[in-house]
Amino acid sequence: MATPGDRALLTAREVGTWLDRDVGRALREETEAVAHGGTALTLLRLKASTKDVDFGFRAGEDFERFVAALKAAGYRVTRDFRPNPRETYLRLERRGTLVSAVDLRFPTWNNWRLTDQVLRRARVIPYGRVRVVVPDRDAVFLFKTYPLRETDLDDLRAIVRAAPPDQTRVIALFDEQDALHRSELRAETVH
């Protein structure tokens with residue numbers, strides 16, 4: 001895995017330029033991508049920059065179009081991983097470009113679901129043919145609590161300093177996600 005010193009940090013403006021110029025031009029139709037992690041925090045201006053770009057997708061067609069656009073722009077798949085049987089995680093990389101690493105997930109992100117409640121307060125930002133959905137601070141805060149790497153802890157601290165999350169909303173979002181996970185467990189596996 002690359003270290004922060006291996007790639008440039010990307011501002012919200014640079015991410016937008018890349019989406020409009022490099023990705024948007026390779027798309028033939030509007031494509032939705034949901035910003036995650038540091039990308040979402042950067043687009044929300046809760047973090048100055050991000051080291052890579054993270055997107056999730058609600059529709060398989062959008063995921064496939066985005067992957068094809070990146071490949072057309074010279075990116076190659078360097079990771080193709082199935083964190084669970086229903087989730088696809090791809091990393092695409094390209095040297096010598098503004099955005100050197102892109103992580104894409106479909107249809108979940110670390111098993112988090114992009115529900116109506118999660119997206120209720122999201123912002124939609126058009127960048128050419130890419131329509132970026134940016135979940136609100138509270139949803140991003142919750143999603144950052146897992147996998148809870150050191151960088152996630154730093155991001156959680158930054159959110160609390162910049163714009164403390166709405167505790168009631170974060171708990172409601174967690175309860176919804178928890179109920180979805182529990183409903184998928186078979187009765188005999190619950191202890």
# chains A, B, ... in the order shown; residues from 1 in each chain; ligands from 1
$ select_by_dssp --residues "stretch 83-121 of chain A" --states "strand (DSSP E)" --output "MDAnalysis selection string"
chainID A and resid 83:84 87:93 101:106
$ select_by_dssp --residues "chain A" --states "helix (DSSP H, G or I)" --output "number ranges by chain"
A: 4-6, 12-26, 37-43, 60-72, 116-119, 137-144, 150-162, 167-184, 187-189
$ atom_distance --atom1 "atom CA of A:Leu41" --atom2 "atom CA of A:Glu150"
15.9 Å
$ closest_residue --among "A:Asp116, A:Asp154, A:Asp138, A:Glu184" --to "A:Lys47" --atoms "only C-alpha atoms"
A:Asp154
$ residues_around --residues "A:Thr11" --least-positions-apart "2" --cutoff "12 Å" --atoms "only C-alpha atoms" --output "PyMOL selection string"
chain A and resi 8-9+13-18+38-53+98-99
$ write_last_selection --atoms "N, CA, C and O atoms" --output "CSV table (one decimal), in the first residue's frame"
chain,number,residue,atom,x,y,z
A,8,ALA,N,0.4,12.8,-3.9
A,8,ALA,CA,0.0,14.2,-3.6
A,8,ALA,C,-1.4,14.2,-2.8
A,8,ALA,O,-2.2,13.3,-3.1
A,9,LEU,N,-1.5,15.1,-1.9
A,9,LEU,CA,-2.8,15.3,-1.2
A,9,LEU,C,-3.7,16.1,-2.2
A,9,LEU,O,-3.3,17.0,-2.8
A,13,ARG,N,-11.2,21.1,-4.7
A,13,ARG,CA,-11.1,21.6,-6.1
A,13,ARG,C,-10.4,20.6,-7.1
A,13,ARG,O,-10.9,20.4,-8.2
A,14,GLU,N,-9.3,20.0,-6.6
A,14,GLU,CA,-8.6,19.1,-7.5
A,14,GLU,C,-9.4,17.8,-7.7
A,14,GLU,O,-9.5,17.3,-8.9
A,15,VAL,N,-10.2,17.3,-6.7
A,15,VAL,CA,-11.0,16.2,-7.0
A,15,VAL,C,-12.1,16.5,-8.0
A,15,VAL,O,-12.4,15.8,-8.9
A,16,GLY,N,-12.7,17.7,-7.9
A,16,GLY,CA,-13.7,18.2,-8.8
A,16,GLY,C,-13.2,18.3,-10.2
A,16,GLY,O,-13.8,17.9,-11.2
A,17,THR,N,-12.0,18.9,-10.3
A,17,THR,CA,-11.4,19.0,-11.7
A,17,THR,C,-11.1,17.7,-12.3
A,17,THR,O,-11.4,17.5,-13.5
A,18,TRP,N,-10.6,16.7,-11.5
A,18,TRP,CA,-10.3,15.4,-12.0
A,18,TRP,C,-11.6,14.7,-12.4
A,18,TRP,O,-11.7,14.1,-13.5
A,38,GLY,N,-12.3,10.0,3.3
A,38,GLY,CA,-11.7,11.3,3.2
A,38,GLY,C,-12.1,12.1,2.0
A,38,GLY,O,-12.1,13.3,2.1
A,39,THR,N,-12.6,11.4,1.0
A,39,THR,CA,-13.2,12.1,-0.2
A,39,THR,C,-14.4,12.9,0.3
A,39,THR,O,-14.5,14.1,0.0
A,40,ALA,N,-15.3,12.3,1.0
A,40,ALA,CA,-16.5,13.0,1.5
A,40,ALA,C,-16.1,14.1,2.4
A,40,ALA,O,-16.7,15.2,2.3
A,41,LEU,N,-15.2,13.8,3.4
A,41,LEU,CA,-14.8,14.9,4.3
A,41,LEU,C,-14.2,16.1,3.6
A,41,LEU,O,-14.4,17.2,4.0
A,42,THR,N,-13.4,15.8,2.6
A,42,THR,CA,-12.8,16.9,1.8
A,42,THR,C,-13.8,17.7,1.0
A,42,THR,O,-13.8,18.9,1.0
A,43,LEU,N,-14.8,17.0,0.4
A,43,LEU,CA,-15.8,17.7,-0.3
A,43,LEU,C,-16.7,18.5,0.6
A,43,LEU,O,-17.3,19.5,0.2
A,44,LEU,N,-16.9,18.0,1.9
A,44,LEU,CA,-17.7,18.7,2.9
A,44,LEU,C,-16.9,19.9,3.5
A,44,LEU,O,-17.4,20.6,4.3
A,45,ARG,N,-15.6,20.0,3.1
A,45,ARG,CA,-14.6,21.0,3.7
A,45,ARG,C,-14.4,20.8,5.2
A,45,ARG,O,-14.1,21.7,5.9
A,46,LEU,N,-14.6,19.5,5.7
A,46,LEU,CA,-14.2,19.2,7.0
A,46,LEU,C,-12.8,18.7,7.2
A,46,LEU,O,-12.3,18.4,8.2
A,47,LYS,N,-12.2,18.5,6.0
A,47,LYS,CA,-10.8,18.0,5.9
A,47,LYS,C,-10.2,18.8,4.8
A,47,LYS,O,-10.8,19.0,3.7
A,48,ALA,N,-8.9,19.2,4.9
A,48,ALA,CA,-8.3,20.1,3.8
A,48,ALA,C,-8.0,19.3,2.6
A,48,ALA,O,-8.1,19.8,1.5
A,49,SER,N,-7.7,18.0,2.7
A,49,SER,CA,-7.4,17.2,1.5
A,49,SER,C,-7.5,15.7,1.8
A,49,SER,O,-7.6,15.3,3.0
A,50,THR,N,-7.4,14.9,0.8
A,50,THR,CA,-7.4,13.5,0.9
A,50,THR,C,-6.3,12.9,0.0
A,50,THR,O,-5.9,13.5,-0.9
A,51,LYS,N,-5.8,11.7,0.4
A,51,LYS,CA,-4.7,11.1,-0.3
A,51,LYS,C,-5.2,10.2,-1.5
A,51,LYS,O,-4.4,10.0,-2.4
A,52,ASP,N,-6.4,9.8,-1.5
A,52,ASP,CA,-7.0,9.0,-2.6
A,52,ASP,C,-8.4,9.3,-2.7
A,52,ASP,O,-9.0,10.2,-2.0
A,53,VAL,N,-9.1,8.7,-3.7
A,53,VAL,CA,-10.5,9.0,-3.9
A,53,VAL,C,-11.3,7.8,-3.7
A,53,VAL,O,-10.9,6.7,-4.1
A,98,LEU,N,-3.1,13.4,-11.6
A,98,LEU,CA,-3.5,14.1,-10.4
A,98,LEU,C,-4.0,13.2,-9.4
A,98,LEU,O,-3.6,13.3,-8.2
A,99,VAL,N,-4.9,12.2,-9.7
A,99,VAL,CA,-5.4,11.2,-8.8
A,99,VAL,C,-4.8,9.9,-9.2
A,99,VAL,O,-5.1,9.3,-10.2
